[in-house]
file entry-v6.txt (compact mmCIF, C-alpha atoms)
# COMPACT_ATOMS: atom_id res chain seq x y z
CA MET A 1 21.66 6.01 -13.32
CA SER A 2 21.16 3.25 -10.78
CA GLY A 3 19.92 3.51 -7.21
CA LYS A 4 17.02 5.06 -5.37
CA TYR A 5 16.38 7.85 -7.89
CA SER A 6 16.62 5.77 -11.06
CA PHE A 7 13.29 5.36 -12.83
CA ILE A 8 12.94 1.72 -11.80
CA GLY A 9 14.16 2.48 -8.29
CA ALA A 10 11.67 5.32 -7.93
CA MET A 11 8.83 3.11 -9.18
CA ARG A 12 9.50 0.72 -6.27
CA PRO A 13 8.26 -2.38 -8.15
CA PHE A 14 7.98 -4.42 -4.94
CA SER A 15 5.29 -2.02 -3.68
CA LEU A 16 3.03 -2.56 -6.70
CA VAL A 17 1.82 -5.70 -4.95
CA VAL A 18 -0.24 -3.33 -2.78
CA ALA A 19 -2.35 -2.02 -5.66
CA ILE A 20 -2.62 -5.43 -7.32
CA ALA A 21 -3.64 -7.16 -4.09
CA THR A 22 -6.05 -4.53 -2.79
CA CYS A 23 -7.83 -3.94 -6.09
CA GLY A 24 -7.72 -7.69 -6.69
CA LEU A 25 -9.49 -8.31 -3.40
CA GLY A 26 -12.21 -5.77 -4.15
CA VAL A 27 -12.69 -7.19 -7.65
CA SER A 28 -12.72 -10.78 -6.34
CA LEU A 29 -15.38 -10.00 -3.74
CA ALA A 30 -17.47 -8.27 -6.41
CA LEU A 31 -17.18 -11.16 -8.87
CA ILE A 32 -18.08 -13.62 -6.14
CA ASP A 33 -21.15 -11.47 -5.44
CA GLN A 34 -22.20 -11.91 -9.09
CA ALA A 35 -20.71 -8.79 -10.70
CA VAL A 36 -20.59 -9.59 -14.41
CA ASP A 37 -18.51 -6.89 -16.12
CA GLY A 38 -15.11 -8.56 -16.50
CA TRP A 39 -13.72 -5.73 -18.67
CA LEU A 40 -14.49 -3.20 -15.94
CA ALA A 41 -12.71 -5.45 -13.43
CA TRP A 42 -9.50 -5.24 -15.50
CA LEU A 43 -9.90 -1.47 -15.76
CA VAL A 44 -10.13 -1.21 -11.97
CA LEU A 45 -6.91 -3.19 -11.58
CA LEU A 46 -5.10 -1.05 -14.16
CA THR A 47 -6.23 2.20 -12.53
CA GLY A 48 -5.09 1.01 -9.10
CA VAL A 49 -1.63 0.09 -10.39
CA LEU A 50 -1.30 3.42 -12.23
CA LEU A 51 -2.20 5.30 -9.06
CA GLN A 52 0.43 3.37 -7.09
CA VAL A 53 3.08 4.02 -9.76
CA ALA A 54 2.25 7.73 -9.76
CA VAL A 55 2.54 8.01 -5.98
CA ASN A 56 5.87 6.16 -6.01
CA LEU A 57 7.37 8.37 -8.72
CA ILE A 58 6.27 11.59 -6.99
CA ASN A 59 7.30 10.35 -3.56
CA ASP A 60 10.94 11.54 -3.71
CA THR A 61 10.14 15.17 -4.59
CA PRO A 62 10.69 16.48 -1.01
CA ASP A 63 14.25 15.12 -1.19
CA LEU A 64 15.04 18.11 -3.42
CA GLN A 65 15.04 20.20 -0.22
CA THR A 66 17.88 18.15 1.27
CA HIS A 67 21.60 18.76 0.80
CA GLY A 68 24.15 16.43 -0.72
CA LEU A 69 22.29 15.46 -3.89
CA THR A 70 24.22 15.47 -7.14
CA PRO A 71 22.88 17.40 -10.16
CA SER A 72 22.03 14.11 -11.90
CA GLN A 73 20.05 12.96 -8.86
CA ARG A 74 18.08 16.20 -8.78
CA GLN A 75 17.39 15.89 -12.48
CA ALA A 76 16.20 12.30 -12.00
CA ILE A 77 13.84 13.30 -9.18
CA ARG A 78 12.27 16.03 -11.31
CA ARG A 79 11.97 13.68 -14.29
CA ASN A 80 10.33 10.99 -12.16
CA ALA A 81 7.89 13.54 -10.71
CA ARG A 82 6.87 14.75 -14.17
CA VAL A 83 6.23 11.20 -15.33
CA GLY A 84 4.41 10.50 -12.06
CA TRP A 85 2.00 13.40 -12.56
CA GLY A 86 1.40 12.22 -16.12
CA VAL A 87 0.57 8.74 -14.87
CA MET A 88 -1.66 10.28 -12.18
CA LEU A 89 -3.54 12.20 -14.88
CA LEU A 90 -4.12 8.98 -16.82
CA ALA A 91 -5.44 7.28 -13.66
CA VAL A 92 -7.78 10.25 -13.09
CA VAL A 93 -9.11 10.02 -16.65
CA LEU A 94 -9.85 6.31 -16.20
CA GLY A 95 -11.42 7.08 -12.84
CA LEU A 96 -13.71 9.71 -14.40
CA TYR A 97 -14.88 7.15 -16.92
CA MET A 98 -15.85 4.85 -14.06
CA VAL A 99 -17.63 7.78 -12.39
CA THR A 100 -19.91 8.00 -15.45
CA ILE A 101 -20.94 4.44 -14.64
CA ARG A 102 -21.35 4.68 -10.84
CA GLY A 103 -22.04 8.37 -10.20
CA TRP A 104 -20.99 10.95 -7.61
CA PRO A 105 -20.16 8.58 -4.67
CA LEU A 106 -17.30 7.18 -6.74
CA LEU A 107 -16.22 10.72 -7.66
CA LEU A 108 -15.98 11.52 -3.95
CA LEU A 109 -13.87 8.42 -3.32
CA GLY A 110 -11.65 9.33 -6.26
CA LEU A 111 -11.11 12.88 -5.01
CA ILE A 112 -10.14 11.54 -1.60
CA GLY A 113 -7.71 9.11 -3.22
CA VAL A 114 -6.03 11.74 -5.42
CA ALA A 115 -5.84 14.20 -2.52
CA GLY A 116 -4.30 11.49 -0.38
CA ALA A 117 -1.76 10.60 -3.07
CA TRP A 118 -0.72 14.26 -3.39
CA GLY A 119 -0.80 14.88 0.35
CA TYR A 120 1.62 12.06 1.10
CA THR A 121 4.57 14.27 0.18
CA GLY A 122 3.02 17.35 -1.42
CA GLY A 123 2.68 20.94 -0.31
CA LYS A 124 2.00 21.95 3.26
CA VAL A 125 0.00 18.79 3.97
CA ASN A 126 2.86 16.31 3.59
CA TYR A 127 1.51 13.73 6.03
CA LYS A 128 4.67 11.65 5.56
CA GLN A 129 6.51 14.46 7.38
CA ARG A 130 3.76 14.59 10.00
CA GLY A 131 4.20 10.91 10.88
CA LEU A 132 0.76 10.01 9.52
CA GLY A 133 1.81 7.94 6.52
CA ILE A 134 1.32 4.51 8.09
CA LEU A 135 -2.18 5.37 9.33
CA LEU A 136 -3.37 6.99 6.11
CA VAL A 137 -1.94 4.23 3.91
CA PHE A 138 -4.12 1.84 5.94
CA LEU A 139 -7.15 3.87 4.88
CA LEU A 140 -6.19 5.01 1.36
CA MET A 141 -4.32 1.96 0.02
CA GLY A 142 -6.40 -0.50 1.99
CA VAL A 143 -9.96 0.15 3.07
CA LEU A 144 -10.66 2.86 0.46
CA LEU A 145 -9.07 1.12 -2.52
CA ILE A 146 -10.67 -2.25 -1.77
CA GLY A 147 -14.09 -0.75 -1.06
CA GLY A 148 -13.88 1.49 -4.11
CA SER A 149 -12.96 -1.43 -6.37
CA TYR A 150 -15.92 -3.40 -5.05
CA TYR A 151 -18.24 -0.42 -5.48
CA VAL A 152 -17.22 0.16 -9.11
CA LEU A 153 -18.33 -3.34 -10.06
CA THR A 154 -21.43 -3.65 -7.86
CA GLY A 155 -22.69 -0.14 -7.05
CA ILE A 156 -22.98 -1.05 -3.35
CA TYR A 157 -20.75 -1.36 -0.27
CA THR A 158 -21.21 -3.78 2.62
CA LEU A 159 -19.88 -4.18 6.14
CA GLU A 160 -18.52 -7.60 5.20
CA VAL A 161 -16.31 -6.00 2.54
CA LEU A 162 -14.97 -3.63 5.21
CA TRP A 163 -14.08 -6.49 7.55
CA LEU A 164 -12.48 -8.55 4.80
CA SER A 165 -10.38 -5.54 3.75
CA LEU A 166 -8.67 -5.19 7.14
CA PRO A 167 -5.84 -7.77 6.72
CA PHE A 168 -4.75 -6.21 3.41
CA SER A 169 -5.05 -2.71 4.89
CA LEU A 170 -2.75 -3.73 7.73
CA LEU A 171 -0.31 -5.22 5.23
CA SER A 172 -0.21 -1.94 3.32
CA SER A 173 0.77 -0.20 6.56
CA LEU A 174 3.30 -2.92 7.33
CA LEU A 175 5.00 -2.44 3.96
CA LEU A 176 5.29 1.32 4.47
CA LEU A 177 6.51 0.74 8.02
CA SER A 178 9.27 -1.50 6.69
CA ASN A 179 10.31 1.32 4.37
CA GLU A 180 10.46 3.81 7.25
CA LEU A 181 12.46 1.35 9.37
CA ARG A 182 14.87 0.74 6.49
CA ASP A 183 15.42 4.47 5.95
CA TYR A 184 15.38 5.47 9.63
CA GLU A 185 18.94 6.79 9.84
CA ALA A 186 18.83 8.54 6.46
CA ASP A 187 15.44 10.15 7.21
CA ARG A 188 16.61 11.33 10.63
CA GLU A 189 19.72 12.95 9.18
CA ALA A 190 17.70 14.59 6.39
CA GLY A 191 15.14 15.94 8.86
CA ILE A 192 12.29 13.85 7.40
CA ARG A 193 9.93 13.40 10.35
CA THR A 194 8.36 10.05 9.56
CA LEU A 195 6.55 8.16 12.29
CA ILE A 196 9.62 6.03 13.02
CA VAL A 197 11.87 9.08 13.30
CA ARG A 198 9.36 10.51 15.78
CA ILE A 199 8.87 7.42 17.98
CA GLY A 200 12.31 5.84 17.58
CA TYR A 201 13.58 2.70 15.90
CA ARG A 202 12.89 0.30 18.80
CA SER A 203 9.28 1.41 19.04
CA GLY A 204 9.04 0.99 15.27
CA VAL A 205 10.18 -2.63 15.58
CA LYS A 206 7.47 -3.25 18.18
CA LEU A 207 4.93 -1.71 15.82
CA TYR A 208 6.13 -4.07 13.06
CA TYR A 209 5.46 -7.06 15.32
CA LEU A 210 2.07 -5.63 16.30
CA LEU A 211 0.87 -5.07 12.73
CA ALA A 212 2.05 -8.51 11.60
CA SER A 213 0.28 -10.11 14.58
CA LEU A 214 -2.94 -8.20 13.88
CA VAL A 215 -2.96 -9.50 10.29
CA TYR A 216 -3.24 -13.06 11.61
CA LEU A 217 -5.47 -12.23 14.57
CA ILE A 218 -8.07 -10.53 12.37
CA SER A 219 -7.83 -13.32 9.81
CA ALA A 220 -8.55 -15.82 12.58
CA LEU A 221 -11.56 -13.77 13.69
CA LEU A 222 -12.83 -13.68 10.10
CA TYR A 223 -12.49 -17.47 9.96
CA TRP A 224 -14.30 -17.80 13.31
CA THR A 225 -17.19 -15.68 12.00
CA GLN A 226 -17.23 -17.79 8.80
CA MET A 227 -16.25 -14.89 6.52
CA LEU A 228 -13.17 -16.88 5.52
CA ALA A 229 -13.33 -20.51 4.41
CA GLY A 230 -9.94 -21.51 5.84
CA ILE A 231 -7.10 -20.41 8.09
CA VAL A 232 -4.40 -23.11 7.99
CA MET A 233 -2.74 -22.01 4.75
CA LEU A 234 -2.80 -18.39 5.90
CA LEU A 235 -0.94 -19.38 9.06
CA VAL A 236 1.65 -21.21 6.96
CA THR A 237 2.53 -17.92 5.23
CA SER A 238 4.04 -16.72 8.52
CA ILE A 239 7.17 -18.60 7.44
CA ALA A 240 7.79 -15.74 5.01
CA LEU A 241 8.05 -13.36 7.97
CA VAL A 242 11.22 -15.04 9.26
CA GLY A 243 13.40 -13.18 6.74
CA PRO A 244 12.19 -9.62 7.33
CA ILE A 245 11.97 -10.08 11.10
CA SER A 246 15.60 -11.23 11.19
CA LEU A 247 16.58 -7.97 9.49
CA LEU A 248 14.92 -5.75 12.09
CA THR A 249 18.06 -6.01 14.25
CA ALA A 250 20.52 -6.05 11.35
CA ASN A 251 22.94 -3.27 10.46
CA VAL A 252 21.97 -0.55 7.99
CA PRO A 253 23.38 -2.11 4.77
CA GLN A 254 21.71 -5.47 5.48
CA ARG A 255 18.45 -3.73 6.37
CA ARG A 256 18.09 -2.54 2.74
CA ARG A 257 16.40 -5.89 2.05
CA LEU A 258 13.74 -5.34 4.72
CA THR A 259 11.18 -3.70 2.43
CA PRO A 260 11.51 -6.11 -0.54
CA LEU A 261 11.23 -9.09 1.83
CA THR A 262 8.18 -7.54 3.49
CA GLY A 263 6.75 -7.06 0.00
CA ARG A 264 7.39 -10.75 -0.71
CA PHE A 265 5.50 -11.65 2.48
CA TYR A 266 2.65 -9.38 1.38
CA LEU A 267 2.56 -11.15 -1.99
CA LEU A 268 2.50 -14.63 -0.45
CA PHE A 269 -0.11 -13.78 2.16
CA GLY A 270 -2.19 -11.83 -0.37
CA ALA A 271 -2.24 -14.67 -2.91
CA THR A 272 -3.20 -17.16 -0.19
CA TYR A 273 -5.88 -14.84 1.17
CA LEU A 274 -7.42 -14.39 -2.28
CA ALA A 275 -7.36 -18.15 -2.83
CA THR A 276 -9.14 -18.57 0.49
CA ILE A 277 -11.76 -16.02 -0.57
CA TRP A 278 -12.43 -17.94 -3.79
CA MET A 279 -12.68 -21.22 -1.84
CA GLN A 280 -16.01 -19.94 -0.51
CA LEU A 281 -17.65 -20.50 -3.88
CA PRO A 282 -19.88 -23.61 -4.01
call {"tool": "encode", "arguments": {"input": "entry-v6.txt", "output": "structure tokens"}}
result
Amino acid sequence: MSGKYSFIGAMRPFSLVVAIATCGLGVSLALIDQAVDGWLAWLVLLTGVLLQVAVNLINDTPDLQTHGLTPSQRQAIRRNARVGWGVMLLAVVLGLYMVTIRGWPLLLLGLIGVAGAWGYTGGKVNYKQRGLGILLVFLLMGVLLIGGSYYVLTGIYTLEVLWLSLPFSLLSSLLLLSNELRDYEADREAGIRTLIVRIGYRSGVKLYYLLASLVYLISALLYWTQMLAGIVMLLVTSIALVGPISLLTANVPQRRRLTPLTGRFYLLFGATYLATIWMQLP
């Protein structure tokens, strides 16, 4: 079966850039700060990707409550959820191994992460329905994941890591926002109360511009405070925003490309940002 509920469609491959970039940033900062366990760095990256895959596969479960799904679509959603929980379990096992290395603070971070992954669409929490997804993705798939990755390799956490995590955290929110903008009409008809359904499409477009602007504004501030070694190449990546921004006023079928193009922007900015981080080495 092709489409949204196919296994590949449910995995949302374009969104995996979030886990790769955020964990990659935490690992990069740790290695720059003289962390030496390269094998553990790869394990952190793998665990982050597995967690993202699990969340994506479970994400469509609430759609079972909507009408108009075919039996094959319902079967696909249930299959994807089962696989997603299996992948989540594997990520938890890997996380518990890392807890044996770093102790209870990492266990606390892991519990928050798993609870957040489940709470996105699960049970009575369902913060996607409460319009909190964009905010909590900023924390869970940005600040928390980057800081946790850094902590696994170093055993410490610094204010500088927090500041350097903000552009990627904003990008995580921007990617989810693009998804909510893309699905605005379908979510509204299905009664899914995402943030964009609550505030309206036009306000969502303004929020898209705001988040994208904040990515560059904070990056400029980090350069000004000498936390980043360069800014010019980061500014050049704004060219990749032309495509997704042009789709914000497009019709519904054309808007399907909004999220993949936003993911491509995330990938380009993220790779450039990481290169800028590594430029700080003597």
call {"tool": "closest_residue", "arguments": {"input": "entry-v6.txt", "among": "A:Ala115, A:Val252, A:Cys23, A:Leu268", "to": "Val236 of chain A", "atoms": "only C-alpha atoms"}}
result
A:Leu268
call {"tool": "residues_around", "arguments": {"input": "entry-v6.txt", "residues": "segment 44-57 of chain A", "least_positions_apart": "2", "cutoff": "7 Å", "atoms": "all atoms listed in the file", "output": "MDAnalysis selection string"}}
result
chainID A and resid 10:12 16 19:20 23:24 40:42 59:60 80:81 84:85 87:88 91 94 117 149
call {"tool": "residues_around", "arguments": {"input": "entry-v6.txt", "residues": "Lys206 of chain A", "least_positions_apart": "5", "cutoff": "12 Å", "atoms": "all atoms listed in the file", "output": "list in words"}}
result
Leu174, Leu177, Ser178, Leu181, Ile196, Ile199, Gly200, Tyr201, Leu211, Ala212, Ser213, Ile245, Leu248 and Thr249 of chain A
call {"tool": "closest_residue", "arguments": {"input": "entry-v6.txt", "among": "A:Ile77, A:Leu43, A:Val137, A:Leu153", "to": "Gly95 of chain A", "atoms": "all atoms listed in the file"}}
result
A:Leu43
call {"tool": "atom_distance", "arguments": {"input": "entry-v6.txt", "atom1": "atom CA of Ser169 of chain A", "atom2": "atom CA of Leu135 of chain A"}}
result
9.7 Å
call {"tool": "closest_residue", "arguments": {"input": "entry-v6.txt", "among": "A:Thr154, A:Gln75, A:Ser173, A:Gln226", "to": "Gly142 of chain A", "atoms": "all atoms listed in the file"}}
result
A:Ser173
call {"tool": "closest_residue", "arguments": {"input": "entry-v6.txt", "among": "A:Gly131, A:Gly38, A:Pro13, A:Gly3", "to": "Ile192 of chain A", "atoms": "all atoms listed in the file"}}
result
A:Gly131
call {"tool": "residues_around", "arguments": {"input": "entry-v6.txt", "residues": "Leu107 of chain A", "least_positions_apart": "3", "cutoff": "12 Å", "atoms": "only C-alpha atoms", "output": "PyMOL selection string"}}
result
chain A and resi 92-104+110-114+148+151-152
call {"tool": "closest_residue", "arguments": {"input": "entry-v6.txt", "among": "A:Tyr273, A:Tyr157, A:Trp278, A:Phe138", "to": "Leu222 of chain A", "atoms": "all atoms listed in the file"}}
result
A:Tyr273
call {"tool": "atom_distance", "arguments": {"input": "entry-v6.txt", "atom1": "atom CA of Leu90 of chain A", "atom2": "atom CA of Trp39 of chain A"}}
result
17.7 Å
call {"tool": "atom_distance", "arguments": {"input": "entry-v6.txt", "atom1": "atom CA of Thr237 of chain A", "atom2": "atom CA of Tyr184 of chain A"}}
result
27.0 Å
call {"tool": "closest_residue", "arguments": {"input": "entry-v6.txt", "among": "A:Arg255, A:Leu228, A:Ile32, A:Val27", "to": "Asn179 of chain A", "atoms": "all atoms listed in the file"}}
result
A:Arg255
call {"tool": "decode", "arguments": {"input": "entry-v6.txt", "residues": "segment 161-178 of chain A", "atoms": "N, CA and C atoms", "output": "PDB file, in the first residue's frame"}}
result
ATOM      1  N   VAL A 161      26.174  24.753  25.791  1.00  0.00           N
ATOM      2  CA  VAL A 161      25.483  23.707  25.025  1.00  0.00           C
ATOM      3  C   VAL A 161      24.012  24.082  24.846  1.00  0.00           C
ATOM      4  N   LEU A 162      23.406  24.626  25.892  1.00  0.00           N
ATOM      5  CA  LEU A 162      22.013  25.058  25.802  1.00  0.00           C
ATOM      6  C   LEU A 162      21.842  26.117  24.719  1.00  0.00           C
ATOM      7  N   TRP A 163      22.695  27.135  24.738  1.00  0.00           N
ATOM      8  CA  TRP A 163      22.586  28.206  23.745  1.00  0.00           C
ATOM      9  C   TRP A 163      22.794  27.682  22.325  1.00  0.00           C
ATOM     10  N   LEU A 164      23.789  26.820  22.165  1.00  0.00           N
ATOM     11  CA  LEU A 164      24.084  26.297  20.833  1.00  0.00           C
ATOM     12  C   LEU A 164      23.006  25.351  20.327  1.00  0.00           C
ATOM     13  N   SER A 165      22.175  24.831  21.232  1.00  0.00           N
ATOM     14  CA  SER A 165      21.103  23.925  20.827  1.00  0.00           C
ATOM     15  C   SER A 165      19.872  24.663  20.298  1.00  0.00           C
ATOM     16  N   LEU A 166      19.783  25.958  20.541  1.00  0.00           N
ATOM     17  CA  LEU A 166      18.543  26.681  20.216  1.00  0.00           C
ATOM     18  C   LEU A 166      18.204  26.710  18.723  1.00  0.00           C
ATOM     19  N   PRO A 167      19.163  26.969  17.807  1.00  0.00           N
ATOM     20  CA  PRO A 167      18.784  26.955  16.386  1.00  0.00           C
ATOM     21  C   PRO A 167      18.199  25.625  15.933  1.00  0.00           C
ATOM     22  N   PHE A 168      18.813  24.501  16.353  1.00  0.00           N
ATOM     23  CA  PHE A 168      18.280  23.196  15.960  1.00  0.00           C
ATOM     24  C   PHE A 168      16.923  22.938  16.616  1.00  0.00           C
ATOM     25  N   SER A 169      16.741  23.408  17.839  1.00  0.00           N
ATOM     26  CA  SER A 169      15.460  23.226  18.522  1.00  0.00           C
ATOM     27  C   SER A 169      14.357  23.966  17.773  1.00  0.00           C
ATOM     28  N   LEU A 170      14.666  25.171  17.322  1.00  0.00           N
ATOM     29  CA  LEU A 170      13.701  25.941  16.532  1.00  0.00           C
ATOM     30  C   LEU A 170      13.401  25.249  15.206  1.00  0.00           C
ATOM     31  N   LEU A 171      14.413  24.653  14.603  1.00  0.00           N
ATOM     32  CA  LEU A 171      14.201  23.945  13.340  1.00  0.00           C
ATOM     33  C   LEU A 171      13.308  22.730  13.531  1.00  0.00           C
ATOM     34  N   SER A 172      13.448  22.051  14.663  1.00  0.00           N
ATOM     35  CA  SER A 172      12.564  20.913  14.943  1.00  0.00           C
ATOM     36  C   SER A 172      11.115  21.382  14.997  1.00  0.00           C
ATOM     37  N   SER A 173      10.887  22.516  15.651  1.00  0.00           N
ATOM     38  CA  SER A 173       9.534  23.074  15.715  1.00  0.00           C
ATOM     39  C   SER A 173       9.060  23.518  14.344  1.00  0.00           C
ATOM     40  N   LEU A 174       9.971  24.084  13.549  1.00  0.00           N
ATOM     41  CA  LEU A 174       9.609  24.539  12.208  1.00  0.00           C
ATOM     42  C   LEU A 174       9.177  23.365  11.336  1.00  0.00           C
ATOM     43  N   LEU A 175       9.860  22.241  11.460  1.00  0.00           N
ATOM     44  CA  LEU A 175       9.511  21.071  10.652  1.00  0.00           C
ATOM     45  C   LEU A 175       8.132  20.539  11.032  1.00  0.00           C
ATOM     46  N   LEU A 176       7.844  20.487  12.338  1.00  0.00           N
ATOM     47  CA  LEU A 176       6.514  20.035  12.762  1.00  0.00           C
ATOM     48  C   LEU A 176       5.450  21.042  12.343  1.00  0.00           C
ATOM     49  N   LEU A 177       5.785  22.317  12.428  1.00  0.00           N
ATOM     50  CA  LEU A 177       4.844  23.353  11.997  1.00  0.00           C
ATOM     51  C   LEU A 177       4.494  23.180  10.521  1.00  0.00           C
ATOM     52  N   SER A 178       5.498  22.890   9.704  1.00  0.00           N
ATOM     53  CA  SER A 178       5.230  22.689   8.275  1.00  0.00           C
ATOM     54  C   SER A 178       4.277  21.524   8.064  1.00  0.00           C
TER      55      SER A 178
END
